[in-house]
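> Sending over a structure as structure tokens; questions will come in a sec.
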Amino acid sequence: MQTLTPVTPETTVAPTDALTFTDVTKRFGSLVVLDGVNLRIKSGEFICIIGHSGCGKSTLLNLAGGFIQPSSGEVRLRDKIITKPGPDRMVVFQNYSLLPWLTVFENVFLAVDAVYPRKRLPEKRAMVREYLNLVGLGEAMEKKPPQISGGMKQRVAIARALAIQPQVLLLDEPFGALDAITKEELQEELLTIWNRSKATVLMITHDIDEALFLADRLVMMTNGPAATIGEILTIPFDRPRNRERILEDPRYYDLRNQALSFLYERFAHRE
Amino acid sequence: MVAQSQRLSPPPFQRWWQTYGPQVLPPLIGIAAFLALWQGVSSSGLTRLPAPSTLFTDEDTRTLLLNPFFDKGGLDKGLFWQTLASLTRVAKGYLAAAVVGISLGILVGVNRIINRALDPIFQFLRMIAPLAWVPITLIALPNVQMAATFVIFITSVWPILINTTVGVQQIPQDYKNVALVLQISPRKYFFKILLPAALPYIFTGLRIAIGLAWLAIIAAEIVMSGVVGIGFFIWDAYQQNYVSEVILAVIYIGAVGLILDRLVAWVQRLIVPEQ
């Protein structure tokens, strides 16, 4: 039901591992942000990371993205050490990062075109349309980002990320700025297209309920500086998930209480 | 004329007047009041400045006003040709400034080391007034024409360069990260991300620069005597005490400056993506 995974250093990468953090430490100058992070993410797994601000969640994501390098230890994508950003680890950024001078279609096309330069044009255009239709933006393709709502922008960003068919999808609090209803809609859409793409997902969130609805495992970080993984909850609900059924499941409240007690008792934020 | 058109087609004019009247009337009243005040002050004898009515009452000025296209060779040309000569000089210098300013601005904006190397020089040079360049350019360049063009160039290049640099430097890290993740080619990055992101800043620079360029050409021509141009025309008229001709030329200068500014603003609206 839930496990208190004792995190042990790993030296070998199993063939089923998509993303592996081994003894990862990250310092910025004299500030130790992450200290000894070990995490093995299986291919196709959906992982949520939760923790108080300043616990190095984003640093963890940036390491996986290849935007920064660990001070010691290593991060691997399958068996390759990550040294720079690449389209095999696509990111959905916190603030959408759409180019406002391009239409919705062009934003996604830019990505598809950059990643699959050898595909034929009609094929690339079909891919863009397919993914925009998947997130329900078939009608808004010719609009520009300033003309659409925050929820729609995030849909475009998700479509852009998944259209290039990455091995790993990295999401940095993708729904943080959205209202509750849009948020729930997008969570469900994300699950639907994740289910099709089979990408491995690493997602930062602030929202315990969101994590319990989406993730296979919930990684909870201790407080920074020198943060590390405190505890990992395995979330056992069957997929495809149904929000109402989950809310009726007694295990849900059990898991929720564990996460709450981790965040607000054992690692309450010291201000 | 107003009465006539009203009688011929009252509804269209009335509709036009209802829409635009409130916008057109205040500036018209403002201009009329300004001219009346000027006329009053001039005819009261407080100043030697001729009244605006001299544009029509003074015979030479009236000839100039009504015949902008005459060309008697040498410096004796109509105001159209004088203005055109100045505009051509401005166009050359401004175009050179745009090309140099935008390319150098992008280079400096992208590369921090080049920025550090050149920024002090830029900051120093841009403080030098257009007129201060005149003697240097006259010494350095083979003829007056080139010197005048260079003065335009050196005056208008700084706002373009500095705004372009800022435009490139302010490109949000998010856009750069997108380019990094997608491993977008440098060429595509330049055209799809860098240029559109910097474009509003580039145009701000271009718009400031066109005003400065026009200001500078007048000053430059006044100093560099003996060229066809509206600036030298003013100076020449002043020397010969044709004061109403000076006023006529000043009206030309103001109108041309206004048109130039509007022209760049119009191009800006055409090109800069709406956000």
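By order in the structure tokens, chains are A, B, ...; within a chain, residues start at 1; ligands start at 1, following the order shown.
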Could you give me, as CSV, every chain B residue with an atom at most 6 Å from chain A, plus its closest atom pair and distance in Å to one decimal, counting only C-alpha atoms, rows ordered by chain then number?

residue,atom,partner,partner_atom,distance
B:Asp174,CA,A:Ser97,CA,5.6
B:Val181,CA,A:Gly86,CA,4.6
B:Leu182,CA,A:Pro87,CA,5.1
B:Ile184,CA,A:Ala114,CA,5.6
B:Pro273,CA,A:Trp101,CA,5.8
> Write down as a ChimeraX atom specification the residues of range 6-251 of chain A whose backbone DSSP state falls under strand (DSSP E).
/A:17-28,31-42,46-50,72-77,80-81,89-92,168-172,200-204,217-221,229-234
> As a ChimeraX atom specification, please: all residues of range 41-227 of chain B that backbone DSSP puts in alpha helix (DSSP H).
/B:41-43,54-57,59-66,79-110,112-125,130-140,144-169,173-182,186-188,195-223
> Between A:Thr59, A:Thr200, A:Asn242, A:Thr83, which residue has the minimum interatomic distance to Asp35 in chain A, considering only C-alpha atoms?
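Counting only C-alpha atoms, the residue closest to Asp35 in chain A is A:Thr59.
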> Return the single residue from B:Glu245, B:Thr155, B:Leu260, B:Val250 that is closest to Thr57 in chain B, with distances computed using only C-alpha atoms.
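So, comparing all the options, the nearest one is B:Glu245.
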> Mind checking which residues fall within 6 Å of range 196-199 of chain A, counting only C-alpha atoms, ignoring those fewer than 2 positions away in the same chain, and posting them as a PyMOL selection string?
chain A and resi 44+167-168+193-194
> With all heavy atoms retained, write the just-selected residues as a short mmCIF file (atom, residue, chain, number, x, y, z; two decimals), in the first residue's frame.

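The resulting part08.cif:
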data_model
loop_
_atom_site.label_atom_id
_atom_site.label_comp_id
_atom_site.auth_asym_id
_atom_site.auth_seq_id
_atom_site.Cartn_x
_atom_site.Cartn_y
_atom_site.Cartn_z
N GLY A 44 7.97 4.83 -18.09
CA GLY A 44 6.51 4.91 -18.10
C GLY A 44 5.90 5.28 -16.76
O GLY A 44 4.67 5.37 -16.65
N GLN A 167 11.04 10.90 -24.30
CA GLN A 167 11.06 9.74 -23.40
C GLN A 167 10.60 10.16 -22.02
O GLN A 167 9.92 9.41 -21.33
CB GLN A 167 12.48 9.19 -23.31
CG GLN A 167 12.99 8.63 -24.61
CD GLN A 167 14.40 8.09 -24.47
OE1 GLN A 167 14.77 7.56 -23.43
NE2 GLN A 167 15.19 8.25 -25.51
N VAL A 168 11.03 11.36 -21.63
CA VAL A 168 10.68 11.86 -20.30
C VAL A 168 10.01 13.22 -20.44
O VAL A 168 10.44 14.05 -21.23
CB VAL A 168 11.95 11.99 -19.43
CG1 VAL A 168 11.61 12.60 -18.08
CG2 VAL A 168 12.61 10.63 -19.23
N ILE A 193 -3.53 11.85 -22.28
CA ILE A 193 -2.50 11.78 -23.33
C ILE A 193 -1.22 11.13 -22.83
O ILE A 193 -0.49 10.54 -23.60
CB ILE A 193 -2.21 13.13 -24.02
CG1 ILE A 193 -1.97 14.25 -23.04
CG2 ILE A 193 -3.31 13.51 -24.95
CD1 ILE A 193 -1.57 15.52 -23.77
N TRP A 194 -0.99 11.21 -21.51
CA TRP A 194 0.17 10.48 -20.98
C TRP A 194 -0.01 8.99 -21.22
O TRP A 194 0.91 8.27 -21.60
CB TRP A 194 0.31 10.78 -19.49
CG TRP A 194 1.27 9.85 -18.80
CD1 TRP A 194 2.63 9.82 -18.95
CD2 TRP A 194 0.94 8.80 -17.89
NE1 TRP A 194 3.16 8.83 -18.17
CE2 TRP A 194 2.14 8.18 -17.51
CE3 TRP A 194 -0.25 8.34 -17.35
CZ2 TRP A 194 2.19 7.12 -16.61
CZ3 TRP A 194 -0.21 7.29 -16.46
CH2 TRP A 194 1.00 6.68 -16.09
#
> Can you pull out the residues contacting Tyr252 in chain A? Cut-off 12 Å, using only C-alpha atoms, and skip same-chain residues under 6 positions away; I want them as an MDAnalysis selection string.
chainID A and resid 1:2 208:213 233:237 243:246 258:259
> Just write the chosen residues, C-alpha atoms, as a PDB file, in the first residue's frame.

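Okay, selection_6.pdb is ready:
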ATOM      1  CA  MET A   1       0.000   0.000   0.000  1.00  0.00           C
ATOM      2  CA  GLN A   2       2.630   2.507   0.896  1.00  0.00           C
ATOM      3  CA  ILE A 208      -1.149  16.880  -2.498  1.00  0.00           C
ATOM      4  CA  ASP A 209      -4.513  15.999  -4.064  1.00  0.00           C
ATOM      5  CA  GLU A 210      -3.144  16.607  -7.530  1.00  0.00           C
ATOM      6  CA  ALA A 211      -0.197  14.329  -6.799  1.00  0.00           C
ATOM      7  CA  LEU A 212      -2.429  11.593  -5.397  1.00  0.00           C
ATOM      8  CA  PHE A 213      -4.653  11.741  -8.453  1.00  0.00           C
ATOM      9  CA  LEU A 233       4.640   7.146  -1.190  1.00  0.00           C
ATOM     10  CA  THR A 234       3.450   4.551  -3.647  1.00  0.00           C
ATOM     11  CA  ILE A 235      -0.012   5.386  -4.871  1.00  0.00           C
ATOM     12  CA  PRO A 236      -1.886   2.220  -5.641  1.00  0.00           C
ATOM     13  CA  PHE A 237      -5.051   3.404  -7.393  1.00  0.00           C
ATOM     14  CA  ARG A 243     -11.521  11.141  -9.366  1.00  0.00           C
ATOM     15  CA  GLU A 244     -14.769  10.285  -7.607  1.00  0.00           C
ATOM     16  CA  ARG A 245     -13.807   6.702  -7.053  1.00  0.00           C
ATOM     17  CA  ILE A 246     -10.462   7.774  -5.633  1.00  0.00           C
ATOM     18  CA  GLN A 258       0.799  10.700   5.560  1.00  0.00           C
ATOM     19  CA  ALA A 259       1.739  13.385   3.079  1.00  0.00           C
TER      20      ALA A 259
END
> Range 218-223 of chain A: which residues within 6 Å, counting only C-alpha atoms, same-chain residues fewer than 2 positions away excluded, as a VMD selection string?
chain A and resid 47 to 51 55 227 to 233
> Asp17 in chain A: which residues within 9 Å, counting only C-alpha atoms, same-chain residues fewer than 2 positions away excluded, as a list in words?
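What passes the distance filter is Val13, Ala14, Pro15, Leu19, Thr20, Arg40, Ile41, Lys42, Ser43, Leu77, Arg78 and Asp79 of chain A.
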> To one decimal in Å, tell me the separation between CA of Glu139 in chain A and CA of Leu190 in chain A.
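Computed distance, CA of Glu139 in chain A to CA of Leu190 in chain A, equals 18.9 Å.
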> Hey, can you check how far CA of Leu87 in chain B sits from CA of Val99 in chain B?
17.8 Å
